Amino acid sequence: MPANAPTVSAADVRNAATLIRGSVIRTPLVYSPTFSRLAGAEIYMKLENLQVTGSFKIRGATFKIMSERDRIGSGGVVAASAGNHAQGVALAASRAGFRSTIVMPEWASISKQEATRGYGGEVVLAGRSIADSISVAQELAAKGRAFIHPYDDPAIIAGQGTTALEILEDLPDADLIAVPVGGGGLISGIAVAAKDARPDIRVVGVQAGACPSALMSLKAGRRVNVEPERSIADGITVKQLGEINFRIIQELIDEIVLVEEDRIAEAVLTLLERKKIFAEGAGAVPVAALLAGALPIRPGRKAVLVISGGNMDSPVLDRVLRKGLSRGGRIMRFSVCLEDVPGSLASLLSLIADAKANVLQIYHNRGGAEMSIHQSRVDLEIETRNFDHIAEVSEALKAAGYRFELRPPGPGTACAV
């Protein structure tokens with residue numbers, strides 16, 4: 001490492017904690033009997049989704065602005081983000097009395113744009129990726145604004161690291177902390193603080209399989225640029241780790257694990273149903289890793305899952321919940337052919353009711369070119385308890401003589417014969 005390279009120390013994190021105290025929420029650490037039974041260990045969750053802006057990002061943004069306010073001129077600050085960092089910077093700047101300009105990629109959701117404006121930020125839509133938006137933000141910074149990087153900045157890292165200080169105050173004998181990884185700001189700060197206090201504690205990063213930039217970089221021994229696939233954990237689909245973050249991760253992180261989309265959806269649903277915790281996809285990845293058996297937790301030990309955020313658009317939430325329900329056998333979708341005579345649909349619905357399933361959606365199609373003129377097709381989506389219940393409904397349909405076809409989400413299919 002070059003002698004003049006920026007570094008982050010545990011003292012920096014402690015200084016950040018002192019400076020931001022009272023400006024950010026000291027989020028709770030809660031024990032989960034459900035996850036503890038599943039893991040055979042004591043599982044706790046650090047609920048950063050309960051921050052004012054719905055994410056841990058307010059920590060780093062607040063420390064950055066408060067610690068460097070004397071260097072911020074009349075142009076205020078500028079940042080680039082698709083959501084959580086945008087809101088954190090906008091709120092922290094407003095509280096400190098500064099203007100903020102937030103460059104968001106063109107695909108940033110309307111709700112996150114409006115939330116950022118609601119916190120006082122001026123939103124500029126530019127770029128097809130976060131990297132593009134960062135480039136635009138840096139151009140604006142050259143015109144007199146103070147640039148606040150989302151993760152590759154010592155002050156940002158130190159601010160995010162205050163999360164670990166709270167964890168270890170509440171659970172001094174924690175054995176493992178599982179942290180979502182995108183650009184690396186949160187896990188870098190947590191690792192610096194946690195390893196200083198407890199050198200034997202394990203810090204494990206969790207990434208979406210759709211964008212394994214941290215894992216690939218560790219394997220390559222250098223920062224790797226990964227083209228991300230679309231993911232419901234969009235908050236951590238960052239193409240490349242920050243430079244400072246990569247050095248800290250190389251030195252201090254014990255392991256990086258990956259989770260796939262189905263598991264992330266299952267985690268969001270499980271948190272909502274079992275724990276009444278609303279987490280975005282990126283915030284739920286530590287739970288997804290637990291459900292997948294990917295976390296290296298030894299029986300009887302104590303592990304903390306950092307739920308890093310809870311900002312998810314309603315349309316995305318609907319898709320995520322449906323994916324999670326489907327994975328758990330909680331939704332059955334099928335097409336069935338009926339004779340187009342009075343009472344045929346009523347008989348089918350009666351059978352479904354007798355099987356103790358609940359109709360969620362129904363589409364009755366009489367005009368399909370692939371059907372006989374005497375037939376109609378009904379596409380149904382019904383609520384079921386599990387895969388055994390789906391099998392029971394299927395057997396009941398077969399026993400009653402119905403011709404049907406199970407189908408995945410999507411357009412209706414032709415009737416099976």
# chains A, B, ... in the order shown; residues from 1 in each chain; ligands from 1

call {"tool": "residues_around", "arguments": {"residues": "Ser100 of chain A", "least_positions_apart": "2", "cutoff": "8 Å", "atoms": "only C-alpha atoms", "output": "list in words"}}
result
Gly76, Val77, Val78, Ala79, Val89, Ala90, Ala93, Ser94, Phe98, Ile102, Gly120, Gly121 and Glu122 of chain A

call {"tool": "write_last_selection", "arguments": {"atoms": "N, CA and C atoms", "output": "PDB file, in the first residue's frame"}}
result
ATOM      1  N   GLY A  76     -22.425  23.964  -2.031  1.00  0.00           N
ATOM      2  CA  GLY A  76     -22.977  22.810  -1.327  1.00  0.00           C
ATOM      3  C   GLY A  76     -22.270  21.521  -1.704  1.00  0.00           C
ATOM      4  N   VAL A  77     -23.011  20.424  -1.657  1.00  0.00           N
ATOM      5  CA  VAL A  77     -22.422  19.101  -1.913  1.00  0.00           C
ATOM      6  C   VAL A  77     -23.094  18.454  -3.114  1.00  0.00           C
ATOM      7  N   VAL A  78     -22.401  17.485  -3.699  1.00  0.00           N
ATOM      8  CA  VAL A  78     -22.957  16.718  -4.803  1.00  0.00           C
ATOM      9  C   VAL A  78     -22.626  15.255  -4.570  1.00  0.00           C
ATOM     10  N   ALA A  79     -23.570  14.398  -4.915  1.00  0.00           N
ATOM     11  CA  ALA A  79     -23.384  12.954  -4.746  1.00  0.00           C
ATOM     12  C   ALA A  79     -24.064  12.233  -5.895  1.00  0.00           C
ATOM     13  N   VAL A  89     -27.425  11.691   1.919  1.00  0.00           N
ATOM     14  CA  VAL A  89     -26.710  12.941   1.673  1.00  0.00           C
ATOM     15  C   VAL A  89     -27.673  14.125   1.680  1.00  0.00           C
ATOM     16  N   ALA A  90     -28.824  13.968   1.044  1.00  0.00           N
ATOM     17  CA  ALA A  90     -29.793  15.068   0.993  1.00  0.00           C
ATOM     18  C   ALA A  90     -30.226  15.481   2.392  1.00  0.00           C
ATOM     19  N   ALA A  93     -27.182  17.004   4.439  1.00  0.00           N
ATOM     20  CA  ALA A  93     -26.861  18.342   3.951  1.00  0.00           C
ATOM     21  C   ALA A  93     -27.903  19.356   4.416  1.00  0.00           C
ATOM     22  N   SER A  94     -29.166  18.999   4.324  1.00  0.00           N
ATOM     23  CA  SER A  94     -30.233  19.906   4.756  1.00  0.00           C
ATOM     24  C   SER A  94     -30.097  20.246   6.233  1.00  0.00           C
ATOM     25  N   PHE A  98     -26.704  23.059   4.092  1.00  0.00           N
ATOM     26  CA  PHE A  98     -26.062  23.104   2.779  1.00  0.00           C
ATOM     27  C   PHE A  98     -27.016  22.670   1.673  1.00  0.00           C
ATOM     28  N   ILE A 102     -28.027  15.804  -6.229  1.00  0.00           N
ATOM     29  CA  ILE A 102     -27.889  14.348  -6.276  1.00  0.00           C
ATOM     30  C   ILE A 102     -28.077  13.881  -7.714  1.00  0.00           C
ATOM     31  N   GLY A 120     -34.697  17.463   0.660  1.00  0.00           N
ATOM     32  CA  GLY A 120     -34.054  18.731   0.316  1.00  0.00           C
ATOM     33  C   GLY A 120     -33.062  18.667  -0.820  1.00  0.00           C
ATOM     34  N   GLY A 121     -32.921  17.507  -1.467  1.00  0.00           N
ATOM     35  CA  GLY A 121     -31.946  17.374  -2.539  1.00  0.00           C
ATOM     36  C   GLY A 121     -32.484  17.829  -3.892  1.00  0.00           C
ATOM     37  N   GLU A 122     -31.604  18.402  -4.693  1.00  0.00           N
ATOM     38  CA  GLU A 122     -31.933  18.715  -6.091  1.00  0.00           C
ATOM     39  C   GLU A 122     -31.511  17.512  -6.923  1.00  0.00           C
TER      40      GLU A 122
END

call {"tool": "residues_around", "arguments": {"residues": "Ala96 of chain A", "least_positions_apart": "6", "cutoff": "12 Å", "atoms": "only C-alpha atoms", "output": "ChimeraX atom specification"}}
result
/A:20,23,61-70,72,76-77,89-90,120

call {"tool": "write_last_selection", "arguments": {"atoms": "C-alpha atoms", "output": "PDB file, in the first residue's frame"}}
result
ATOM      1  CA  ILE A  20     -22.958  11.849  14.793  1.00  0.00           C
ATOM      2  CA  SER A  23     -28.064  12.922  14.520  1.00  0.00           C
ATOM      3  CA  ALA A  61     -23.163  11.038   4.956  1.00  0.00           C
ATOM      4  CA  THR A  62     -23.706  12.765   8.296  1.00  0.00           C
ATOM      5  CA  PHE A  63     -20.118  12.233   9.462  1.00  0.00           C
ATOM      6  CA  LYS A  64     -18.666  13.324   6.128  1.00  0.00           C
ATOM      7  CA  ILE A  65     -20.611  16.590   6.097  1.00  0.00           C
ATOM      8  CA  MET A  66     -20.241  17.369   9.805  1.00  0.00           C
ATOM      9  CA  SER A  67     -16.509  16.650   9.878  1.00  0.00           C
ATOM     10  CA  GLU A  68     -15.735  18.618   6.707  1.00  0.00           C
ATOM     11  CA  ARG A  69     -18.261  21.418   6.905  1.00  0.00           C
ATOM     12  CA  ASP A  70     -15.527  24.076   6.929  1.00  0.00           C
ATOM     13  CA  ILE A  72     -17.884  22.995   1.931  1.00  0.00           C
ATOM     14  CA  GLY A  76     -22.977  22.810  -1.327  1.00  0.00           C
ATOM     15  CA  VAL A  77     -22.422  19.101  -1.913  1.00  0.00           C
ATOM     16  CA  VAL A  89     -26.710  12.941   1.673  1.00  0.00           C
ATOM     17  CA  ALA A  90     -29.793  15.068   0.993  1.00  0.00           C
ATOM     18  CA  GLY A 120     -34.054  18.731   0.316  1.00  0.00           C
TER      19      GLY A 120
END

call {"tool": "residues_around", "arguments": {"residues": "segment 29-41 of chain A", "least_positions_apart": "4", "cutoff": "8 Å", "atoms": "only C-alpha atoms", "output": "PyMOL selection string"}}
result
chain A and resi 45-47+167+170+274-275+290-291+297-303

call {"tool": "closest_residue", "arguments": {"among": "A:Arg128, A:Arg59, A:Arg71, A:Arg263", "to": "Ile25 of chain A", "atoms": "only C-alpha atoms"}}
result
A:Arg59

call {"tool": "closest_residue", "arguments": {"among": "A:Val13, A:Leu325, A:Leu349, A:Leu305", "to": "Val268 of chain A", "atoms": "only C-alpha atoms"}}
result
A:Leu325

call {"tool": "atom_distance", "arguments": {"atom1": "atom CA of Glu260 of chain A", "atom2": "atom CA of Lys276 of chain A"}}
result
22.6 Å

call {"tool": "select_by_dssp", "arguments": {"residues": "segment 314-376 of chain A", "states": "strand (DSSP E or B)", "output": "VMD selection string"}}
result
chain A and resid 331 to 339 358 to 365 375 to 376

call {"tool": "write_last_selection", "arguments": {"atoms": "C-alpha atoms", "output": "short mmCIF file (atom, residue, chain, number, x, y, z; two decimals), in the first residue's frame"}}
result
data_model
loop_
_atom_site.label_atom_id
_atom_site.label_comp_id
_atom_site.auth_asym_id
_atom_site.auth_seq_id
_atom_site.Cartn_x
_atom_site.Cartn_y
_atom_site.Cartn_z
CA ILE A 331 -48.97 -19.86 -4.85
CA MET A 332 -50.26 -22.34 -7.44
CA ARG A 333 -50.78 -21.18 -11.02
CA PHE A 334 -52.55 -23.37 -13.55
CA SER A 335 -54.71 -23.35 -16.66
CA VAL A 336 -57.73 -25.61 -16.94
CA CYS A 337 -60.05 -26.40 -19.84
CA LEU A 338 -63.79 -26.26 -19.18
CA GLU A 339 -66.81 -27.16 -21.25
CA ASN A 358 -58.06 -19.45 -1.93
CA VAL A 359 -58.47 -17.86 -5.38
CA LEU A 360 -56.19 -14.85 -5.84
CA GLN A 361 -56.67 -14.16 -9.55
CA ILE A 362 -58.80 -15.61 -12.32
CA TYR A 363 -58.97 -15.01 -16.07
CA HIS A 364 -61.72 -16.60 -18.16
CA ASN A 365 -60.81 -16.89 -21.86
CA GLN A 375 -64.32 -24.94 -24.67
CA SER A 376 -63.15 -22.10 -22.52
#

call {"tool": "atom_distance", "arguments": {"atom1": "atom CA of Thr101 of chain A", "atom2": "atom CA of Glu243 of chain A"}}
result
24.2 Å

call {"tool": "atom_distance", "arguments": {"atom1": "atom CA of Asp254 of chain A", "atom2": "atom CA of Asp175 of chain A"}}
result
12.1 Å

call {"tool": "select_by_dssp", "arguments": {"residues": "segment 77-180 of chain A", "states": "alpha helix (DSSP H)", "output": "count of residues only"}}
result
51

call {"tool": "closest_residue", "arguments": {"among": "A:Gln207, A:Ser81, A:Ser9, A:Ser188", "to": "Ala137 of chain A", "atoms": "only C-alpha atoms"}}
result
A:Ser81

call {"tool": "residues_around", "arguments": {"residues": "Leu348 of chain A", "least_positions_apart": "6", "cutoff": "12 Å", "atoms": "only C-alpha atoms", "output": "PyMOL selection string"}}
result
chain A and resi 335-339+342+354-355+357+359+362+377-380+393+396-398+400-404

call {"tool": "residues_around", "arguments": {"residues": "Ala178 of chain A", "least_positions_apart": "4", "cutoff": "8 Å", "atoms": "only C-alpha atoms", "output": "MDAnalysis selection string"}}
result
chainID A and resid 203:206 286 295 303:306

call {"tool": "closest_atom_pairs", "arguments": {"of": "segment 270-373 of chain A", "to": "segment 227-240 of chain A", "cutoff": "8 Å", "atoms": "only C-alpha atoms", "output": "CSV"}}
result
residue,atom,partner,partner_atom,distance
A:Glu280,CA,A:Ala233,CA,7.1
A:Gly281,CA,A:Ala233,CA,4.1
A:Ala282,CA,A:Ala233,CA,4.1
A:Gly283,CA,A:Ala233,CA,7.7
A:Val285,CA,A:Ala233,CA,7.7
A:Val316,CA,A:Ile232,CA,7.6
A:Val320,CA,A:Ile232,CA,7.3

call {"tool": "write_last_selection", "arguments": {"atoms": "N, CA and C atoms", "output": "PDB file, in the first residue's frame"}}
result
ATOM      1  N   GLU A 280     -35.362  -4.195   2.176  1.00  0.00           N
ATOM      2  CA  GLU A 280     -35.176  -4.244   0.730  1.00  0.00           C
ATOM      3  C   GLU A 280     -34.315  -5.453   0.390  1.00  0.00           C
ATOM      4  N   GLY A 281     -34.212  -5.766  -0.891  1.00  0.00           N
ATOM      5  CA  GLY A 281     -33.447  -6.942  -1.288  1.00  0.00           C
ATOM      6  C   GLY A 281     -32.014  -6.905  -0.800  1.00  0.00           C
ATOM      7  N   ALA A 282     -31.336  -5.749  -0.966  1.00  0.00           N
ATOM      8  CA  ALA A 282     -29.950  -5.639  -0.523  1.00  0.00           C
ATOM      9  C   ALA A 282     -29.837  -5.813   0.984  1.00  0.00           C
ATOM     10  N   GLY A 283     -30.810  -5.309   1.711  1.00  0.00           N
ATOM     11  CA  GLY A 283     -30.769  -5.412   3.170  1.00  0.00           C
ATOM     12  C   GLY A 283     -31.039  -6.806   3.681  1.00  0.00           C
ATOM     13  N   VAL A 285     -29.989  -9.708   2.239  1.00  0.00           N
ATOM     14  CA  VAL A 285     -29.091 -10.770   1.773  1.00  0.00           C
ATOM     15  C   VAL A 285     -28.424 -11.573   2.895  1.00  0.00           C
ATOM     16  N   VAL A 316     -41.879  -3.308  -7.116  1.00  0.00           N
ATOM     17  CA  VAL A 316     -40.819  -4.301  -6.919  1.00  0.00           C
ATOM     18  C   VAL A 316     -41.175  -5.212  -5.757  1.00  0.00           C
ATOM     19  N   VAL A 320     -41.328  -9.232  -5.724  1.00  0.00           N
ATOM     20  CA  VAL A 320     -40.484  -9.990  -4.795  1.00  0.00           C
ATOM     21  C   VAL A 320     -41.326 -10.922  -3.933  1.00  0.00           C
TER      22      VAL A 320
END

call {"tool": "residues_around", "arguments": {"residues": "segment 141-154 of chain A", "least_positions_apart": "2", "cutoff": "7 Å", "atoms": "only C-alpha atoms", "output": "PyMOL selection string"}}
result
chain A and resi 6-8+72-73+75-79+85+137-139+156-158+183-185+242-245
